[in-house]
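upload.tsv follows; it contains TSV, C-alpha atoms.
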```tsv
chain	number	residue	atom	x	y	z
A	612	MET	CA	9.18	-6.09	-8.58
A	613	HIS	CA	12.28	-8.24	-8.90
A	614	GLU	CA	13.54	-7.50	-5.42
A	615	ILE	CA	11.49	-10.44	-4.12
A	616	SER	CA	13.03	-12.92	-6.58
A	617	LEU	CA	16.49	-11.52	-5.81
A	618	LEU	CA	15.86	-12.05	-2.11
A	619	GLU	CA	14.83	-15.61	-2.87
A	620	ASN	CA	18.19	-16.06	-4.60
A	621	VAL	CA	19.89	-14.61	-1.53
A	622	ARG	CA	18.06	-17.12	0.66
A	623	GLU	CA	19.26	-19.99	-1.54
A	624	ILE	CA	22.87	-18.75	-1.49
A	625	LEU	CA	22.72	-18.49	2.31
A	626	GLN	CA	21.59	-22.08	2.52
A	627	GLU	CA	24.45	-23.22	0.26
A	628	HIS	CA	26.97	-21.34	2.40
A	629	ALA	CA	25.44	-22.71	5.60
A	630	GLN	CA	26.15	-26.23	4.42
A	631	LYS	CA	29.65	-25.48	3.12
A	632	GLN	CA	30.76	-23.34	6.02
A	633	ASN	CA	28.84	-25.06	8.72
A	634	PHE	CA	26.63	-22.47	10.31
A	635	LYS	CA	23.05	-22.70	11.46
A	636	ARG	CA	21.82	-19.18	11.60
A	637	VAL	CA	22.46	-15.84	10.01
A	638	LYS	CA	22.31	-12.97	12.46
A	639	LYS	CA	23.29	-10.17	10.15
A	640	ILE	CA	23.69	-9.82	6.42
A	641	THR	CA	25.33	-7.03	4.45
A	642	LEU	CA	24.30	-6.47	0.86
A	643	ALA	CA	26.06	-4.03	-1.44
A	644	ILE	CA	23.60	-2.43	-3.84
A	645	GLY	CA	24.83	-0.71	-6.96
A	646	LYS	CA	23.28	2.69	-7.52
A	647	LEU	CA	22.67	1.79	-11.19
A	648	SER	CA	21.34	-1.69	-10.50
A	649	CYS	CA	17.61	-1.06	-10.82
A	650	ILE	CA	17.19	-2.39	-7.28
A	651	GLU	CA	15.21	-0.34	-4.84
A	652	PRO	CA	16.71	-0.53	-1.32
A	653	ASP	CA	13.32	0.20	0.23
A	654	ALA	CA	11.73	-2.68	-1.67
A	655	LEU	CA	14.51	-4.99	-0.43
A	656	ARG	CA	13.96	-3.90	3.14
A	657	PHE	CA	10.24	-4.30	2.71
A	658	GLY	CA	10.48	-7.86	1.38
A	659	PHE	CA	13.39	-9.11	3.46
A	660	ASP	CA	11.58	-10.26	6.60
A	661	ALA	CA	8.84	-11.98	4.62
A	662	VAL	CA	11.22	-13.85	2.29
A	663	MET	CA	13.57	-14.92	5.09
A	664	GLN	CA	10.74	-16.20	7.30
A	665	GLY	CA	11.18	-19.88	8.09
A	666	SER	CA	14.76	-19.86	6.78
A	667	LEU	CA	18.08	-19.75	8.59
A	668	ALA	CA	18.06	-15.96	8.21
A	669	GLU	CA	14.70	-15.39	9.86
A	670	GLY	CA	14.94	-12.30	12.01
A	671	ALA	CA	18.40	-11.41	10.68
A	672	GLU	CA	19.50	-7.81	10.59
A	673	LEU	CA	19.79	-6.40	7.08
A	674	ILE	CA	22.50	-3.87	6.28
A	675	LEU	CA	22.48	-2.22	2.88
A	676	SER	CA	25.51	-0.40	1.58
A	677	GLU	CA	25.39	1.63	-1.59
A	678	VAL	CA	27.98	1.25	-4.35
A	679	ALA	CA	28.46	4.32	-6.52
A	680	GLY	CA	28.21	4.11	-10.29
A	681	LYS	CA	31.29	4.36	-12.49
A	682	GLY	CA	31.82	4.02	-16.20
A	683	ILE	CA	34.52	4.20	-18.86
A	684	CYS	CA	33.76	6.60	-21.70
A	685	LYS	CA	33.45	4.90	-25.08
A	686	ALA	CA	35.06	7.91	-26.75
A	687	CYS	CA	37.81	9.30	-24.50
A	688	GLY	CA	38.39	6.23	-22.31
A	689	LYS	CA	38.34	8.15	-19.03
A	690	GLU	CA	36.45	6.91	-16.00
A	691	SER	CA	33.49	9.00	-14.86
A	692	ALA	CA	31.32	8.87	-11.79
A	693	ILE	CA	27.80	8.31	-13.08
A	694	ASP	CA	24.46	8.60	-11.33
A	695	THR	CA	22.32	7.04	-14.03
A	696	LEU	CA	22.85	4.54	-16.84
A	697	TYR	CA	22.30	7.32	-19.36
A	698	ALA	CA	24.68	9.84	-17.78
A	699	PRO	CA	27.23	11.25	-20.24
A	700	CYS	CA	31.00	11.23	-19.73
A	701	GLN	CA	31.92	13.99	-17.30
A	702	TYR	CA	35.01	14.92	-19.35
A	703	CYS	CA	33.99	14.88	-23.02
A	704	GLU	CA	30.19	14.59	-22.60
A	705	HIS	CA	30.01	11.59	-24.91
A	706	PRO	CA	26.61	10.01	-24.22
A	707	PHE	CA	27.76	6.40	-23.86
A	708	VAL	CA	29.90	4.99	-21.11
A	709	ASP	CA	30.54	1.33	-20.29
A	710	VAL	CA	29.45	0.77	-16.73
A	711	THR	CA	32.30	-0.59	-14.60
A	712	ALA	CA	30.79	-0.35	-11.12
A	713	GLY	CA	27.45	0.11	-9.47
A	714	ASN	CA	25.23	-2.08	-11.61
A	715	ASP	CA	25.19	-5.18	-9.45
A	716	MET	CA	24.04	-6.43	-6.10
A	717	GLN	CA	26.44	-8.38	-3.94
A	718	ILE	CA	26.15	-10.37	-0.75
A	719	LYS	CA	29.16	-8.95	1.07
A	720	ASP	CA	29.37	-10.77	4.37
A	721	LEU	CA	27.41	-12.38	7.14
A	722	ILE	CA	27.51	-12.69	10.88
A	723	VAL	CA	26.59	-16.26	11.61
A	724	ILE	CA	26.40	-18.71	14.44
B	410	MET	CA	22.76	-31.12	-20.67
B	411	CYS	CA	22.06	-27.62	-21.85
B	412	GLY	CA	24.00	-26.88	-25.02
B	413	ILE	CA	24.62	-23.25	-24.10
B	414	CYS	CA	25.25	-23.04	-20.38
B	415	GLY	CA	25.93	-26.69	-19.64
B	416	CYS	CA	23.93	-26.57	-16.44
B	417	GLY	CA	22.52	-30.09	-16.64
B	418	GLN	CA	18.96	-28.88	-16.65
B	419	THR	CA	16.80	-30.87	-19.06
B	420	GLU	CA	13.44	-29.29	-18.80
B	421	GLN	CA	10.73	-29.75	-21.32
B	422	LYS	CA	8.31	-27.48	-19.62
B	423	HIS	CA	9.47	-23.94	-19.38
B	424	ASP	CA	8.04	-22.59	-16.30
B	425	HIS	CA	11.11	-20.66	-15.34
B	426	ASN	CA	9.90	-19.05	-12.25
B	427	HIS	CA	12.60	-20.74	-10.19
B	428	SER	CA	10.34	-21.21	-7.28
B	429	HIS	CA	12.23	-23.83	-5.36
B	430	SER	CA	10.23	-24.88	-2.38
B	431	HIS	CA	12.09	-24.82	0.86
B	432	SER	CA	10.33	-26.70	3.56
B	433	HIS	CA	12.21	-26.10	6.73
B	434	SER	CA	11.08	-27.79	9.82
B	435	HIS	CA	13.48	-26.30	12.30
B	436	SER	CA	12.77	-27.75	15.66
B	437	HIS	CA	14.61	-25.50	18.05
B	438	SER	CA	14.27	-27.38	21.26
B	439	HIS	CA	16.85	-25.67	23.38
B	440	SER	CA	16.24	-26.17	27.01
B	441	HIS	CA	19.17	-24.37	28.48
B	442	SER	CA	18.73	-22.56	31.69
B	443	HIS	CA	20.41	-19.22	32.06
B	444	SER	CA	21.29	-19.45	35.66
B	445	HIS	CA	24.71	-17.92	35.36
B	446	GLU	CA	25.31	-15.01	37.56
B	447	HIS	CA	25.37	-11.62	36.03
B	448	GLY	CA	27.25	-8.97	37.81
B	449	SER	CA	25.92	-5.54	38.29
B	450	ASN	CA	27.38	-4.53	34.91
B	451	GLU	CA	25.27	-6.91	32.98
B	452	TYR	CA	25.80	-6.13	29.34
B	453	GLU	CA	22.93	-6.32	26.95
B	454	HIS	CA	22.72	-9.54	25.12
B	455	ASN	CA	20.00	-11.30	23.30
B	456	HIS	CA	18.71	-14.39	25.02
B	457	ASP	CA	17.75	-16.00	21.79
B	458	PRO	CA	17.32	-19.75	22.33
B	459	VAL	CA	19.77	-20.64	19.52
B	460	ASP	CA	22.32	-18.07	20.49
B	461	LEU	CA	24.65	-20.68	21.89
B	462	GLY	CA	27.56	-20.75	19.52
B	463	THR	CA	30.01	-17.99	18.89
B	464	GLU	CA	29.27	-15.46	16.28
B	465	ARG	CA	31.65	-15.28	13.37
B	466	LEU	CA	32.02	-13.37	10.17
B	467	VAL	CA	31.64	-15.14	6.84
B	468	GLN	CA	32.83	-13.36	3.71
B	469	VAL	CA	30.58	-14.16	0.78
B	470	GLU	CA	31.34	-11.53	-1.89
B	471	GLN	CA	28.91	-13.11	-4.30
B	472	ALA	CA	27.39	-11.01	-7.05
B	473	LEU	CA	23.81	-11.70	-8.02
B	474	LEU	CA	23.17	-9.84	-11.24
B	475	SER	CA	26.48	-10.44	-13.00
B	476	LYS	CA	25.54	-14.11	-13.20
B	477	ASN	CA	22.94	-13.05	-15.76
B	478	ASN	CA	25.58	-11.25	-17.82
B	479	SER	CA	27.75	-14.35	-18.12
B	480	TYR	CA	24.75	-16.33	-19.40
B	481	ALA	CA	24.00	-13.47	-21.80
B	482	GLU	CA	27.54	-13.63	-23.21
B	483	GLN	CA	27.17	-17.38	-23.74
B	484	ASN	CA	23.91	-16.77	-25.60
B	485	ARG	CA	25.56	-14.03	-27.68
B	486	SER	CA	28.40	-16.33	-28.79
B	487	TYR	CA	25.89	-19.05	-29.65
B	488	PHE	CA	23.84	-16.60	-31.74
B	489	GLN	CA	26.96	-15.44	-33.56
B	490	GLU	CA	28.18	-18.95	-34.32
B	491	HIS	CA	24.78	-19.94	-35.66
B	492	HIS	CA	24.00	-16.66	-37.44
B	493	ILE	CA	20.89	-16.11	-35.37
B	494	PHE	CA	19.81	-12.47	-35.36
B	495	ALA	CA	18.21	-12.00	-31.96
B	496	LEU	CA	16.16	-9.00	-30.91
B	497	ASN	CA	14.86	-8.28	-27.45
B	498	LEU	CA	11.50	-6.50	-27.80
B	499	VAL	CA	10.56	-4.38	-24.84
B	500	SER	CA	7.66	-2.04	-24.10
B	501	SER	CA	4.87	-1.27	-21.67
B	502	PRO	CA	2.07	-3.82	-21.68
B	503	GLY	CA	-0.23	-3.22	-24.65
B	504	ALA	CA	2.16	-1.30	-26.93
B	505	GLY	CA	1.64	-3.91	-29.65
B	506	LYS	CA	4.70	-6.17	-29.54
B	507	THR	CA	2.80	-9.39	-30.25
B	508	SER	CA	0.76	-7.86	-33.09
B	509	LEU	CA	3.97	-6.46	-34.57
B	510	LEU	CA	5.54	-9.93	-34.49
B	511	VAL	CA	2.45	-11.63	-35.92
B	512	GLU	CA	2.48	-9.23	-38.90
B	513	THR	CA	6.27	-9.56	-39.29
B	514	ILE	CA	6.01	-13.35	-39.39
B	515	LYS	CA	3.24	-13.21	-41.99
B	516	GLN	CA	5.32	-11.00	-44.25
B	517	LEU	CA	8.78	-12.51	-43.79
B	518	LYS	CA	8.38	-16.20	-42.91
B	519	ASP	CA	9.13	-17.26	-46.49
B	520	GLN	CA	12.39	-15.30	-46.55
B	521	PHE	CA	14.08	-16.82	-43.49
B	522	PRO	CA	13.19	-18.97	-40.47
B	523	ILE	CA	11.65	-17.07	-37.56
B	524	ALA	CA	11.28	-18.28	-33.97
B	525	VAL	CA	9.78	-16.47	-31.02
B	526	ILE	CA	10.32	-16.66	-27.28
B	527	GLU	CA	7.41	-15.11	-25.41
B	528	GLY	CA	7.75	-13.80	-21.88
B	529	ASP	CA	4.68	-13.15	-19.80
B	530	GLN	CA	3.88	-13.48	-16.16
B	531	GLN	CA	1.12	-15.97	-16.90
B	532	THR	CA	-0.73	-17.69	-19.81
B	533	GLU	CA	0.21	-19.19	-23.18
B	534	HIS	CA	-1.89	-16.62	-25.06
B	535	ASP	CA	0.91	-14.81	-26.87
B	536	ALA	CA	2.73	-17.99	-27.91
B	537	GLU	CA	-0.56	-19.32	-29.29
B	538	ARG	CA	-1.03	-16.16	-31.36
B	539	ILE	CA	2.50	-16.48	-32.74
B	540	ARG	CA	2.08	-20.18	-33.59
B	541	ALA	CA	-1.17	-19.37	-35.40
B	542	SER	CA	0.80	-16.97	-37.61
B	543	GLY	CA	3.13	-19.78	-38.67
B	544	ALA	CA	6.27	-19.59	-36.51
B	545	PRO	CA	7.44	-21.81	-33.67
B	546	ALA	CA	7.05	-20.13	-30.29
B	547	LEU	CA	7.90	-20.98	-26.74
B	548	GLN	CA	6.19	-19.32	-23.83
B	549	ILE	CA	8.13	-18.59	-20.67
B	550	ASN	CA	5.95	-17.76	-17.70
B	551	THR	CA	8.02	-15.69	-15.36
B	552	GLY	CA	5.60	-15.99	-12.44
B	553	ARG	CA	6.48	-13.28	-9.99
B	554	ALA	CA	9.53	-12.08	-11.92
B	555	CYS	CA	9.06	-8.98	-14.02
B	556	HIS	CA	11.62	-9.68	-16.75
B	557	LEU	CA	13.21	-12.50	-18.74
B	558	ASP	CA	16.72	-13.58	-17.76
B	559	ALA	CA	19.54	-14.85	-19.92
B	560	HIS	CA	19.60	-18.32	-18.38
B	561	ALA	CA	15.96	-18.96	-19.26
B	562	ILE	CA	16.63	-17.71	-22.80
B	563	GLY	CA	19.53	-20.15	-23.28
B	564	HIS	CA	17.25	-23.06	-22.40
B	565	ALA	CA	14.41	-21.76	-24.54
B	566	VAL	CA	16.75	-21.53	-27.55
B	567	MET	CA	17.72	-25.16	-27.07
B	568	ASP	CA	14.12	-26.33	-26.60
B	569	LEU	CA	12.89	-24.36	-29.60
B	570	LYS	CA	15.76	-25.70	-31.73
B	571	VAL	CA	16.17	-22.26	-33.29
B	572	ALA	CA	17.42	-22.69	-36.88
B	573	ASP	CA	20.74	-21.35	-38.16
B	574	ASN	CA	20.57	-18.17	-40.27
B	575	SER	CA	17.30	-17.17	-38.67
B	576	PHE	CA	15.56	-14.35	-36.87
B	577	LEU	CA	14.85	-14.92	-33.18
B	578	ALA	CA	12.42	-12.51	-31.56
B	579	ILE	CA	12.39	-12.41	-27.79
B	580	GLU	CA	9.26	-10.66	-26.60
B	581	ASN	CA	10.00	-9.52	-23.09
B	582	VAL	CA	7.50	-9.04	-20.29
B	583	GLY	CA	5.61	-5.77	-20.74
B	584	ASN	CA	7.59	-3.53	-18.42
B	585	LEU	CA	9.72	-0.48	-19.13
B	586	VAL	CA	11.83	-0.76	-16.00
B	587	CYS	CA	13.44	-4.08	-15.11
B	588	PRO	CA	14.11	-5.63	-18.56
B	589	ALA	CA	16.49	-2.70	-19.22
B	590	SER	CA	19.08	-4.16	-16.84
B	591	PHE	CA	18.91	-7.76	-18.04
B	592	ASP	CA	21.01	-8.48	-21.10
B	593	LEU	CA	19.74	-11.62	-22.84
B	594	GLY	CA	22.51	-11.84	-25.42
B	595	GLU	CA	20.47	-10.08	-28.10
B	596	ALA	CA	21.93	-8.04	-30.97
B	597	HIS	CA	19.66	-5.11	-30.15
B	598	LYS	CA	16.95	-4.09	-27.77
B	599	VAL	CA	13.98	-2.70	-29.67
B	600	VAL	CA	11.61	-0.55	-27.68
B	601	VAL	CA	8.03	-0.29	-28.90
B	602	LEU	CA	6.10	2.80	-27.83
B	603	SER	CA	2.51	3.28	-28.90
B	604	VAL	CA	0.95	6.69	-29.36
B	605	THR	CA	-1.76	5.82	-26.86
B	606	GLU	CA	0.92	6.14	-24.18
B	607	GLY	CA	2.46	9.47	-23.22
B	608	ASP	CA	5.03	11.12	-25.49
B	609	ASP	CA	7.23	11.68	-22.44
B	610	LYS	CA	7.81	7.94	-21.79
B	611	PRO	CA	11.48	8.23	-22.88
B	612	LEU	CA	12.12	10.71	-20.06
B	613	LYS	CA	10.03	8.80	-17.55
B	614	TYR	CA	11.80	5.49	-18.26
B	615	PRO	CA	15.22	6.68	-19.48
B	616	ASP	CA	17.13	3.44	-18.73
B	617	MET	CA	15.09	1.53	-21.27
B	618	PHE	CA	15.32	4.14	-24.04
B	619	HIS	CA	19.04	4.46	-23.40
B	620	ALA	CA	19.51	0.69	-23.65
B	621	ALA	CA	17.52	0.36	-26.90
B	622	ASP	CA	19.05	0.78	-30.36
B	623	LEU	CA	15.74	1.14	-32.16
B	624	MET	CA	12.46	2.72	-31.13
B	625	LEU	CA	9.28	1.87	-32.97
B	626	ILE	CA	6.51	4.41	-32.51
B	627	ASN	CA	3.49	2.20	-33.07
B	628	LYS	CA	-0.24	2.78	-33.73
B	629	ILE	CA	0.39	6.04	-35.62
B	630	ASP	CA	-3.00	5.59	-37.31
B	631	LEU	CA	-4.47	6.68	-33.95
B	632	LEU	CA	-2.60	10.01	-33.86
B	633	PRO	CA	-5.67	12.10	-34.82
B	634	TYR	CA	-7.47	10.80	-31.73
B	635	VAL	CA	-4.78	11.13	-29.08
B	636	ASP	CA	-2.73	13.88	-27.55
B	637	PHE	CA	0.70	12.59	-28.57
B	638	ASP	CA	3.37	14.88	-29.97
B	639	VAL	CA	5.61	12.72	-32.17
B	640	GLU	CA	8.32	15.38	-32.51
B	641	ARG	CA	8.48	15.89	-28.78
B	642	CYS	CA	8.69	12.14	-28.21
B	643	ILE	CA	11.60	11.87	-30.67
B	644	GLN	CA	13.35	14.80	-29.04
B	645	TYR	CA	13.01	13.17	-25.60
B	646	ALA	CA	14.27	9.81	-26.88
B	647	LYS	CA	17.33	11.50	-28.47
B	648	GLN	CA	17.95	13.31	-25.22
B	649	VAL	CA	18.56	10.03	-23.36
B	650	ASN	CA	20.03	8.24	-26.37
B	651	PRO	CA	21.40	10.39	-29.22
B	652	ASP	CA	22.14	7.29	-31.34
B	653	ILE	CA	18.68	5.72	-31.18
B	654	GLN	CA	17.08	4.90	-34.52
B	655	ILE	CA	13.40	5.73	-34.77
B	656	MET	CA	10.61	4.49	-37.02
B	657	GLN	CA	6.95	5.45	-37.00
B	658	LEU	CA	4.49	2.80	-38.10
B	659	SER	CA	1.12	1.21	-37.67
B	660	THR	CA	0.99	-2.56	-37.46
B	661	THR	CA	-2.74	-2.90	-37.95
B	662	LYS	CA	-3.01	-0.43	-40.86
B	663	ALA	CA	0.35	-1.54	-42.32
B	664	THR	CA	1.46	2.12	-42.45
B	665	ASN	CA	5.21	2.38	-43.06
B	666	PHE	CA	5.54	-1.25	-41.97
B	667	SER	CA	8.08	-1.92	-44.72
B	668	ALA	CA	10.62	0.38	-43.01
B	669	TRP	CA	10.73	-2.14	-40.18
B	670	THR	CA	10.68	-5.30	-42.32
B	671	THR	CA	13.46	-3.90	-44.54
B	672	TRP	CA	15.59	-2.99	-41.52
B	673	LEU	CA	15.09	-6.52	-40.22
B	674	SER	CA	15.68	-8.39	-43.50
B	675	ASP	CA	18.92	-6.47	-44.03
B	676	ARG	CA	20.24	-7.83	-40.75
B	677	VAL	CA	19.24	-11.47	-40.94
B	678	ILE	CA	21.86	-13.59	-42.70
B	679	SER	CA	19.84	-15.97	-44.81
```
Entire entry expressed as structure tokens:
Amino acid sequence: MHEISLLENVREILQEHAQKQNFKRVKKITLAIGKLSCIEPDALRFGFDAVMQGSLAEGAELILSEVAGKGICKACGKESAIDTLYAPCQYCEHPFVDVTAGNDMQIKDLIVI
Amino acid sequence: MCGICGCGQTEQKHDHNHSHSHSHSHSHSHSHSHSHEHGSNEYEHNHDPVDLGTERLVQVEQALLSKNNSYAEQNRSYFQEHHIFALNLVSSPGAGKTSLLVETIKQLKDQFPIAVIEGDQQTEHDAERIRASGAPALQINTGRACHLDAHAIGHAVMDLKVADNSFLAIENVGNLVCPASFDLGEAHKVVVLSVTEGDDKPLKYPDMFHAADLMLINKIDLLPYVDFDVERCIQYAKQVNPDIQIMQLSTTKATNFSAWTTWLSDRVIS
């Protein structure tokens, strides 16, 4: 389950930003989760409180927003909405598309004090 | 400094579990007294002891996974410059990746240099098996992580001093889910599926079979004893990846093993 190690990365990034941008606590954090990213939102929610315990984001509210998957067809070059990494092009049904959105996880913004 | 990513990390011991210890001793000794007068329309607010400052919004917009992809691209350029043919071997635990590599090393080590990076959650066992077969190997223990990442691979390549014009095998952690989304800079992902697993694995774990360029159906000597329909398995794999190449072999009985070693030798520039 790599959600825990990803959350540990999040915790480190929060600490870096706290120093740079001079805040002491994170009250709310918004993460954008790509639908194709192999990250389970429920697993993130499950691990969040435990990983953030003792850090500046202890007790913070976690908001998850989903980013839809998109890809450019390797054959016809058109952009398709895709639900899975193996989804074919919706126009020419070519089986391989280069993913252009929805395969990452991003820390969007924070409410801090 | 690391020759690939330039990150200044000079580790000898590869225990890439990135478990930085954060010992925070926050002493929140706020002794403020809330004696201000609230009117009858007292709005709800949280009397958290540190809630003294004003809340503000901080834009971060920092991606977490794409960092891996930039390391993977650095690895890929390094492999190209040095004519290193790198494969990322993925499978469930127990499909026979290590045995496949041990046999491959025995048969091909005189043709070109071979190096192996082993990924497991714990132990040096696999690296020891590889070394015993006559190739240098470096074990990465991923700890809690369920996959290898491109940054760890860049460092392992430097530490192993992988030779030019060689074959580099990266044996990923046994897991058909997460390693699919982590590019390591390899030329191809090779998925190993043994007949002791279900023939519907390609449909159950489509991301991995879609990401792989070659599927090795291993342990075919056991087919008489198991309920595994090879044709159905191939059909399922083609369903998620019409371009996937497929070979059927047995590592331990050396059945059709030359199909694999020929495929490999043809791709290593020696």
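Residue nearest Leu577 of chain B, chosen from B:Cys555, B:Ala621, B:Leu602, B:Leu673 and counting all atoms listed in the file: B:Leu673.
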Separation of atom CA of Met567 of chain B from atom CA of Arg540 of chain B in Å
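Separation of atom CA of Arg540 of chain B and atom CA of Met567 of chain B: 17.7 Å.
In this model, the gap between atom CA of His560 of chain B and atom CA of Leu496 of chain B comes to 16.0 Å.
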Output the contact residues of chain A with respect to chain B at a cut-off of 6 Å, based on only C-alpha atoms, as a ChimeraX atom specification.
/A:613,697,715-724
So how many Å separate atom CA of Asp660 of chain A and atom CA of Gln630 of chain A, to one decimal?
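We find that atom CA of Asp660 of chain A and atom CA of Gln630 of chain A lie 21.7 Å from each other.
Residue nearest Ile678 of chain B, chosen from B:Ala572, B:Ala536, B:Cys414, B:Val566 and counting all atoms listed in the file: B:Ala572.
Proximity of B:Leu569, B:Gln531, B:Thr660, B:Asn584 to Val511 of chain B, computed with all atoms listed in the file, is greatest for B:Thr660.
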Contacts of Ala671 of chain A within 7 Å, all atoms listed in the file, excl. fewer than 3 positions in-chain, as a ChimeraX atom specification:
/A:637-640,668
Do a neighbour search on segment 505-507 of chain B at 10 Å with only C-alpha atoms, toss out local chain neighbours closer than 4 positions, and write the hits as a PyMOL selection string.
chain B and resi 498-501+511-513+525+527+535-536+538-539+580-581+583+599-603+625+627-628+659-661
Selected residues written out with C-alpha atoms, as a CSV table (one decimal), in the frame of the given file:
```csv
chain,number,residue,atom,x,y,z
B,498,LEU,CA,11.5,-6.5,-27.8
B,499,VAL,CA,10.6,-4.4,-24.8
B,500,SER,CA,7.7,-2.0,-24.1
B,501,SER,CA,4.9,-1.3,-21.7
B,511,VAL,CA,2.4,-11.6,-35.9
B,512,GLU,CA,2.5,-9.2,-38.9
B,513,THR,CA,6.3,-9.6,-39.3
B,525,VAL,CA,9.8,-16.5,-31.0
B,527,GLU,CA,7.4,-15.1,-25.4
B,535,ASP,CA,0.9,-14.8,-26.9
B,536,ALA,CA,2.7,-18.0,-27.9
B,538,ARG,CA,-1.0,-16.2,-31.4
B,539,ILE,CA,2.5,-16.5,-32.7
B,580,GLU,CA,9.3,-10.7,-26.6
B,581,ASN,CA,10.0,-9.5,-23.1
B,583,GLY,CA,5.6,-5.8,-20.7
B,599,VAL,CA,14.0,-2.7,-29.7
B,600,VAL,CA,11.6,-0.6,-27.7
B,601,VAL,CA,8.0,-0.3,-28.9
B,602,LEU,CA,6.1,2.8,-27.8
B,603,SER,CA,2.5,3.3,-28.9
B,625,LEU,CA,9.3,1.9,-33.0
B,627,ASN,CA,3.5,2.2,-33.1
B,628,LYS,CA,-0.2,2.8,-33.7
B,659,SER,CA,1.1,1.2,-37.7
B,660,THR,CA,1.0,-2.6,-37.5
B,661,THR,CA,-2.7,-2.9,-38.0
```
Just want the 7 Å neighbourhood of Asn574 of chain B, counted on only C-alpha atoms, with same-chain residues fewer than 5 positions away dropped. Output as a PDB file with C-alpha atoms, keeping the file's coordinate frame.
```pdb
ATOM      1  CA  HIS B 491      24.780 -19.940 -35.660  1.00  0.00           C
ATOM      2  CA  HIS B 492      24.000 -16.660 -37.440  1.00  0.00           C
ATOM      3  CA  ILE B 493      20.890 -16.110 -35.370  1.00  0.00           C
ATOM      4  CA  VAL B 677      19.240 -11.470 -40.940  1.00  0.00           C
ATOM      5  CA  ILE B 678      21.860 -13.590 -42.700  1.00  0.00           C
ATOM      6  CA  SER B 679      19.840 -15.970 -44.810  1.00  0.00           C
TER       7      SER B 679
END
```
I want to know what sits within 12 Å of Gln489 of chain B, based on all atoms listed in the file, with residues of the same chain fewer than 4 positions away left out; could you give that as a VMD selection string?
chain B and resid 482 to 485 493 to 495 573 to 576 594 to 596 677 to 678
Near Glu619 of chain A, within 9 Å and counting all atoms listed in the file, which residues show up once chain neighbours fewer than 3 positions away are dropped, as an NGL selection string?
(:A and (614-616 or 622-624 or 662-663)) or (:B and (428-429))
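Of the listed residues B:Gly415, B:Asn478, B:Lys610, B:Lys647, the one whose atoms come nearest to Asn714 of chain A is B:Asn478, with distances taken using all atoms listed in the file.
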